[in-house]
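Coordinates from model15.pdb are shown below (PDB, C-alpha atoms, pLDDT in the B column).
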MODEL        1
ATOM      1  CA  MET S   1       0.543 -16.411 -18.048  1.00 59.00           C
ATOM      2  CA  GLU S   2       1.452 -15.994 -14.398  1.00 77.00           C
ATOM      3  CA  GLN S   3       2.288 -12.539 -13.077  1.00 92.00           C
ATOM      4  CA  ILE S   4       5.963 -11.998 -12.230  1.00 96.00           C
ATOM      5  CA  ARG S   5       6.578 -11.652  -8.502  1.00 97.00           C
ATOM      6  CA  VAL S   6       9.545 -11.205  -6.201  1.00 98.00           C
ATOM      7  CA  LYS S   7      10.138 -14.604  -4.681  1.00 97.00           C
ATOM      8  CA  LYS S   8      13.158 -13.740  -2.537  1.00 98.00           C
ATOM      9  CA  ALA S   9      15.107 -10.593  -1.634  1.00 98.00           C
ATOM     10  CA  GLU S  10      18.500 -10.492   0.016  1.00 98.00           C
ATOM     11  CA  TYR S  11      20.479  -7.554   1.341  1.00 98.00           C
ATOM     12  CA  VAL S  12      23.851  -7.241  -0.447  1.00 98.00           C
ATOM     13  CA  ASP S  13      25.573  -4.049   0.738  1.00 98.00           C
ATOM     14  CA  GLY S  14      24.870  -0.335   1.092  1.00 97.00           C
ATOM     15  CA  LEU S  15      21.469   0.197  -0.547  1.00 98.00           C
ATOM     16  CA  ILE S  16      21.681  -2.865  -2.780  1.00 98.00           C
ATOM     17  CA  LEU S  17      19.295  -5.819  -2.874  1.00 98.00           C
ATOM     18  CA  SER S  18      19.511  -9.026  -4.849  1.00 98.00           C
ATOM     19  CA  LEU S  19      16.070 -10.102  -6.042  1.00 98.00           C
ATOM     20  CA  LEU S  20      14.907 -13.489  -7.274  1.00 98.00           C
ATOM     21  CA  PHE S  21      11.745 -13.391  -9.376  1.00 98.00           C
ATOM     22  CA  SER S  22       9.152 -16.108  -9.819  1.00 97.00           C
ATOM     23  CA  ASP S  23      10.421 -16.874 -13.343  1.00 96.00           C
ATOM     24  CA  GLY S  24      13.963 -17.528 -12.037  1.00 97.00           C
ATOM     25  CA  LYS S  25      15.487 -14.217 -13.113  1.00 97.00           C
ATOM     26  CA  ARG S  26      17.895 -12.619 -10.651  1.00 98.00           C
ATOM     27  CA  GLN S  27      18.391  -8.867 -10.494  1.00 97.00           C
ATOM     28  CA  GLU S  28      20.747  -6.868  -8.300  1.00 97.00           C
ATOM     29  CA  ILE S  29      19.457  -3.351  -7.725  1.00 97.00           C
ATOM     30  CA  ASP S  30      21.231  -0.371  -6.193  1.00 97.00           C
ATOM     31  CA  PHE S  31      18.587   1.954  -4.740  1.00 95.00           C
ATOM     32  CA  SER S  32      21.037   4.725  -3.775  1.00 95.00           C
ATOM     33  CA  ASP S  33      20.588   6.749  -6.996  1.00 92.00           C
ATOM     34  CA  PHE S  34      16.832   6.691  -6.566  1.00 91.00           C
ATOM     35  CA  PHE S  35      17.042   8.090  -3.028  1.00 92.00           C
ATOM     36  CA  GLN S  36      19.499  10.799  -4.114  1.00 91.00           C
ATOM     37  CA  LYS S  37      17.491  11.896  -7.155  1.00 89.00           C
ATOM     38  CA  HIS S  38      14.024  11.666  -5.592  1.00 87.00           C
ATOM     39  CA  PRO S  39      14.089  12.731  -1.930  1.00 88.00           C
ATOM     40  CA  HIS S  40      10.745  12.655  -0.167  1.00 87.00           C
ATOM     41  CA  PRO S  41       9.897  13.128   3.527  1.00 88.00           C
ATOM     42  CA  GLN S  42       7.821   9.946   3.639  1.00 86.00           C
ATOM     43  CA  TYR S  43      10.627   7.606   2.619  1.00 86.00           C
ATOM     44  CA  ASN S  44      13.949   9.437   3.120  1.00 92.00           C
ATOM     45  CA  LYS S  45      14.550   7.384   6.268  1.00 94.00           C
ATOM     46  CA  TYR S  46      14.893   4.240   4.129  1.00 96.00           C
ATOM     47  CA  ALA S  47      18.036   5.714   2.552  1.00 95.00           C
ATOM     48  CA  LYS S  48      19.782   4.878   5.852  1.00 96.00           C
ATOM     49  CA  VAL S  49      21.242   1.384   5.681  1.00 97.00           C
ATOM     50  CA  SER S  50      19.810   0.437   9.083  1.00 97.00           C
ATOM     51  CA  GLU S  51      16.262   1.226   7.865  1.00 96.00           C
ATOM     52  CA  PHE S  52      16.826  -0.026   4.306  1.00 97.00           C
ATOM     53  CA  LYS S  53      17.658  -3.484   5.666  1.00 97.00           C
ATOM     54  CA  LYS S  54      14.175  -3.732   7.224  1.00 97.00           C
ATOM     55  CA  PHE S  55      12.506  -4.609   3.899  1.00 97.00           C
ATOM     56  CA  TRP S  56      10.042  -7.447   3.573  1.00 96.00           C
ATOM     57  CA  ILE S  57       8.080  -9.153   0.811  1.00 96.00           C
ATOM     58  CA  ARG S  58       4.304  -8.817   0.549  1.00 94.00           C
ATOM     59  CA  ASN S  59       2.223 -10.068  -2.358  1.00 92.00           C
ATOM     60  CA  GLY S  60       5.349 -10.596  -4.450  1.00 95.00           C
ATOM     61  CA  ASN S  61       6.748  -7.103  -3.967  1.00 95.00           C
ATOM     62  CA  VAL S  62       9.506  -5.623  -1.811  1.00 96.00           C
ATOM     63  CA  ILE S  63       8.085  -3.322   0.878  1.00 96.00           C
ATOM     64  CA  TRP S  64       9.532  -0.964   3.457  1.00 96.00           C
ATOM     65  CA  GLY S  65       7.598   0.288   6.454  1.00 92.00           C
ATOM     66  CA  LYS S  66       4.790  -1.114   8.548  1.00 88.00           C
ATOM     67  CA  HIS S  67       2.203   0.463   6.265  1.00 88.00           C
ATOM     68  CA  ALA S  68       4.067  -0.121   2.971  1.00 89.00           C
ATOM     69  CA  ASP S  69       5.567   3.368   3.105  1.00 90.00           C
ATOM     70  CA  LEU S  70       7.832   2.559   0.186  1.00 92.00           C
ATOM     71  CA  ASN S  71       7.547   0.034  -2.625  1.00 92.00           C
ATOM     72  CA  PHE S  72       8.336  -0.010  -6.307  1.00 92.00           C
ATOM     73  CA  PRO S  73       6.395  -1.224  -9.341  1.00 91.00           C
ATOM     74  CA  ILE S  74       7.346  -4.797 -10.134  1.00 94.00           C
ATOM     75  CA  ASN S  75       8.179  -3.879 -13.744  1.00 92.00           C
ATOM     76  CA  ALA S  76      10.817  -1.385 -12.510  1.00 93.00           C
ATOM     77  CA  LEU S  77      12.367  -3.975 -10.195  1.00 96.00           C
ATOM     78  CA  TYR S  78      12.309  -6.642 -12.899  1.00 95.00           C
ATOM     79  CA  ALA S  79      13.995  -4.287 -15.387  1.00 94.00           C
ATOM     80  CA  GLY S  80      16.470  -3.120 -12.761  1.00 93.00           C
ATOM     81  CA  ASN S  81      15.523   0.447 -13.668  1.00 91.00           C
ATOM     82  CA  LEU S  82      14.016   2.412 -10.803  1.00 90.00           C
ATOM     83  CA  GLU S  83      13.637   5.452 -13.052  1.00 84.00           C
ATOM     84  CA  LEU S  84      10.547   3.712 -14.454  1.00 79.00           C
ATOM     85  CA  CYS S  85       8.896   4.712 -11.167  1.00 75.00           C
ATOM     86  CA  CYS S  86       9.400   8.368 -11.969  1.00 65.00           C
ATOM     87  CA  ASP S  87       7.003   8.218 -14.902  1.00 54.00           C
ATOM     88  CA  ASP S  88       4.225   8.048 -12.302  1.00 48.00           C
ATOM     89  CA  GLY S  89       5.181  11.392 -10.767  1.00 48.00           C
ATOM     90  CA  TRP S  90       7.773  10.282  -8.224  1.00 44.00           C
ATOM     91  CA  ASN S  91       9.961  13.365  -8.055  1.00 41.00           C
TER      92      ASN S  91
ENDMDL
END

With the file now loaded, output its structure as structure tokens.
Amino acid sequence: MEQIRVKKAEYVDGLILSLLFSDGKRQEIDFSDFFQKHPHPQYNKYAKVSEFKKFWIRNGNVIWGKHADLNFPINALYAGNLELCCDDGWN
């Protein structure tokens, strides 16, 4: 079975992206709650729309920053539940 990957990501509005996965599933994700609940000096700047819009896709994942400063586990993106990231100590 092939690993699920982000095939395409499009900016929608505010801190919202629309993601298309390799299996055809589409998921619209609002990242604003994540940034509000889990501030962190390394990635707070991506809560600004101008910086948030600078995302890119690498190896099937959505990335922010030249050195992948911010990215999310693919299972969290696929589920549309960024709180799944917090189980790994993101707080």

Could you tell me which residues the PyMOL selection byres ((chain S and resi 44) around 12) grabs in this file, written as an mmCIF file with C-alpha atoms, in the coordinates of the input?
data_model
loop_
_atom_site.group_PDB
_atom_site.id
_atom_site.type_symbol
_atom_site.label_atom_id
_atom_site.label_comp_id
_atom_site.auth_asym_id
_atom_site.auth_seq_id
_atom_site.Cartn_x
_atom_site.Cartn_y
_atom_site.Cartn_z
ATOM 1 C CA PHE S 31 18.587 1.954 -4.740
ATOM 2 C CA SER S 32 21.037 4.725 -3.775
ATOM 3 C CA PHE S 34 16.832 6.691 -6.566
ATOM 4 C CA PHE S 35 17.042 8.090 -3.028
ATOM 5 C CA GLN S 36 19.499 10.799 -4.114
ATOM 6 C CA LYS S 37 17.491 11.896 -7.155
ATOM 7 C CA HIS S 38 14.024 11.666 -5.592
ATOM 8 C CA PRO S 39 14.089 12.731 -1.930
ATOM 9 C CA HIS S 40 10.745 12.655 -0.167
ATOM 10 C CA PRO S 41 9.897 13.128 3.527
ATOM 11 C CA GLN S 42 7.821 9.946 3.639
ATOM 12 C CA TYR S 43 10.627 7.606 2.619
ATOM 13 C CA LYS S 45 14.550 7.384 6.268
ATOM 14 C CA TYR S 46 14.893 4.240 4.129
ATOM 15 C CA ALA S 47 18.036 5.714 2.552
ATOM 16 C CA LYS S 48 19.782 4.878 5.852
ATOM 17 C CA VAL S 49 21.242 1.384 5.681
ATOM 18 C CA GLU S 51 16.262 1.226 7.865
ATOM 19 C CA PHE S 52 16.826 -0.026 4.306
ATOM 20 C CA TRP S 64 9.532 -0.964 3.457
ATOM 21 C CA GLY S 65 7.598 0.288 6.454
ATOM 22 C CA ASP S 69 5.567 3.368 3.105
ATOM 23 C CA LEU S 70 7.832 2.559 0.186
#

>> List as JSON, numbers by chain the protein and nucleic acid residues near region 14-28 of chain S, meaning an atom at most 12 Å away when all atoms listed in the file are counted, but skip any in the same chain fewer than 4 places from it.
In response: {"S": [1, 2, 3, 4, 5, 6, 7, 8, 9, 10, 32, 33, 34, 35, 36, 46, 47, 48, 49, 50, 51, 52, 53, 54, 55, 56, 57, 59, 60, 61, 62, 74, 75, 76, 77, 78, 79, 80, 81, 82]}

> Of the candidates S:Leu84, S:Asp13, S:Ile63, S:Ala68, which one gets nearest to Asp30 (chain S) if we count only C-alpha atoms?
Replying inline: S:Asp13

Output region 27-39 of chain S as a PDB file, in the coordinates of the input, making sure N, CA, C and O atoms are there.
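The resulting file, selection_32.pdb, is shown below:
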ATOM      1  N   GLN S  27      18.090 -10.263 -10.193  1.00 97.00           N
ATOM      2  CA  GLN S  27      18.391  -8.867 -10.494  1.00 97.00           C
ATOM      3  C   GLN S  27      18.982  -8.229  -9.249  1.00 97.00           C
ATOM      4  O   GLN S  27      18.408  -8.342  -8.162  1.00 97.00           O
ATOM      5  N   GLU S  28      20.145  -7.614  -9.396  1.00 97.00           N
ATOM      6  CA  GLU S  28      20.747  -6.868  -8.300  1.00 97.00           C
ATOM      7  C   GLU S  28      20.457  -5.394  -8.544  1.00 97.00           C
ATOM      8  O   GLU S  28      20.742  -4.875  -9.620  1.00 97.00           O
ATOM      9  N   ILE S  29      19.880  -4.739  -7.558  1.00 97.00           N
ATOM     10  CA  ILE S  29      19.457  -3.351  -7.725  1.00 97.00           C
ATOM     11  C   ILE S  29      20.074  -2.475  -6.641  1.00 97.00           C
ATOM     12  O   ILE S  29      19.967  -2.772  -5.453  1.00 97.00           O
ATOM     13  N   ASP S  30      20.683  -1.386  -7.089  1.00 97.00           N
ATOM     14  CA  ASP S  30      21.231  -0.371  -6.193  1.00 97.00           C
ATOM     15  C   ASP S  30      20.205   0.758  -6.112  1.00 97.00           C
ATOM     16  O   ASP S  30      19.940   1.445  -7.096  1.00 97.00           O
ATOM     17  N   PHE S  31      19.627   0.956  -4.953  1.00 95.00           N
ATOM     18  CA  PHE S  31      18.587   1.954  -4.740  1.00 95.00           C
ATOM     19  C   PHE S  31      19.147   3.339  -4.408  1.00 95.00           C
ATOM     20  O   PHE S  31      18.386   4.292  -4.306  1.00 95.00           O
ATOM     21  N   SER S  32      20.456   3.463  -4.237  1.00 95.00           N
ATOM     22  CA  SER S  32      21.037   4.725  -3.775  1.00 95.00           C
ATOM     23  C   SER S  32      20.771   5.885  -4.733  1.00 95.00           C
ATOM     24  O   SER S  32      20.461   6.994  -4.281  1.00 95.00           O
ATOM     25  N   ASP S  33      20.866   5.665  -6.042  1.00 92.00           N
ATOM     26  CA  ASP S  33      20.588   6.749  -6.996  1.00 92.00           C
ATOM     27  C   ASP S  33      19.150   7.236  -6.880  1.00 92.00           C
ATOM     28  O   ASP S  33      18.885   8.431  -6.969  1.00 92.00           O
ATOM     29  N   PHE S  34      18.235   6.308  -6.697  1.00 91.00           N
ATOM     30  CA  PHE S  34      16.832   6.691  -6.566  1.00 91.00           C
ATOM     31  C   PHE S  34      16.642   7.627  -5.371  1.00 91.00           C
ATOM     32  O   PHE S  34      16.008   8.671  -5.482  1.00 91.00           O
ATOM     33  N   PHE S  35      17.203   7.255  -4.221  1.00 92.00           N
ATOM     34  CA  PHE S  35      17.042   8.090  -3.028  1.00 92.00           C
ATOM     35  C   PHE S  35      17.693   9.458  -3.203  1.00 92.00           C
ATOM     36  O   PHE S  35      17.172  10.460  -2.716  1.00 92.00           O
ATOM     37  N   GLN S  36      18.821   9.520  -3.892  1.00 91.00           N
ATOM     38  CA  GLN S  36      19.499  10.799  -4.114  1.00 91.00           C
ATOM     39  C   GLN S  36      18.723  11.692  -5.072  1.00 91.00           C
ATOM     40  O   GLN S  36      18.612  12.891  -4.860  1.00 91.00           O
ATOM     41  N   LYS S  37      18.174  11.108  -6.123  1.00 89.00           N
ATOM     42  CA  LYS S  37      17.491  11.896  -7.155  1.00 89.00           C
ATOM     43  C   LYS S  37      16.045  12.249  -6.798  1.00 89.00           C
ATOM     44  O   LYS S  37      15.486  13.183  -7.358  1.00 89.00           O
ATOM     45  N   HIS S  38      15.444  11.486  -5.894  1.00 87.00           N
ATOM     46  CA  HIS S  38      14.024  11.666  -5.592  1.00 87.00           C
ATOM     47  C   HIS S  38      13.762  11.689  -4.086  1.00 87.00           C
ATOM     48  O   HIS S  38      13.040  10.842  -3.567  1.00 87.00           O
ATOM     49  N   PRO S  39      14.335  12.672  -3.380  1.00 88.00           N
ATOM     50  CA  PRO S  39      14.089  12.731  -1.930  1.00 88.00           C
ATOM     51  C   PRO S  39      12.611  13.028  -1.650  1.00 88.00           C
ATOM     52  O   PRO S  39      11.951  13.715  -2.420  1.00 88.00           O
TER      53      PRO S  39
END
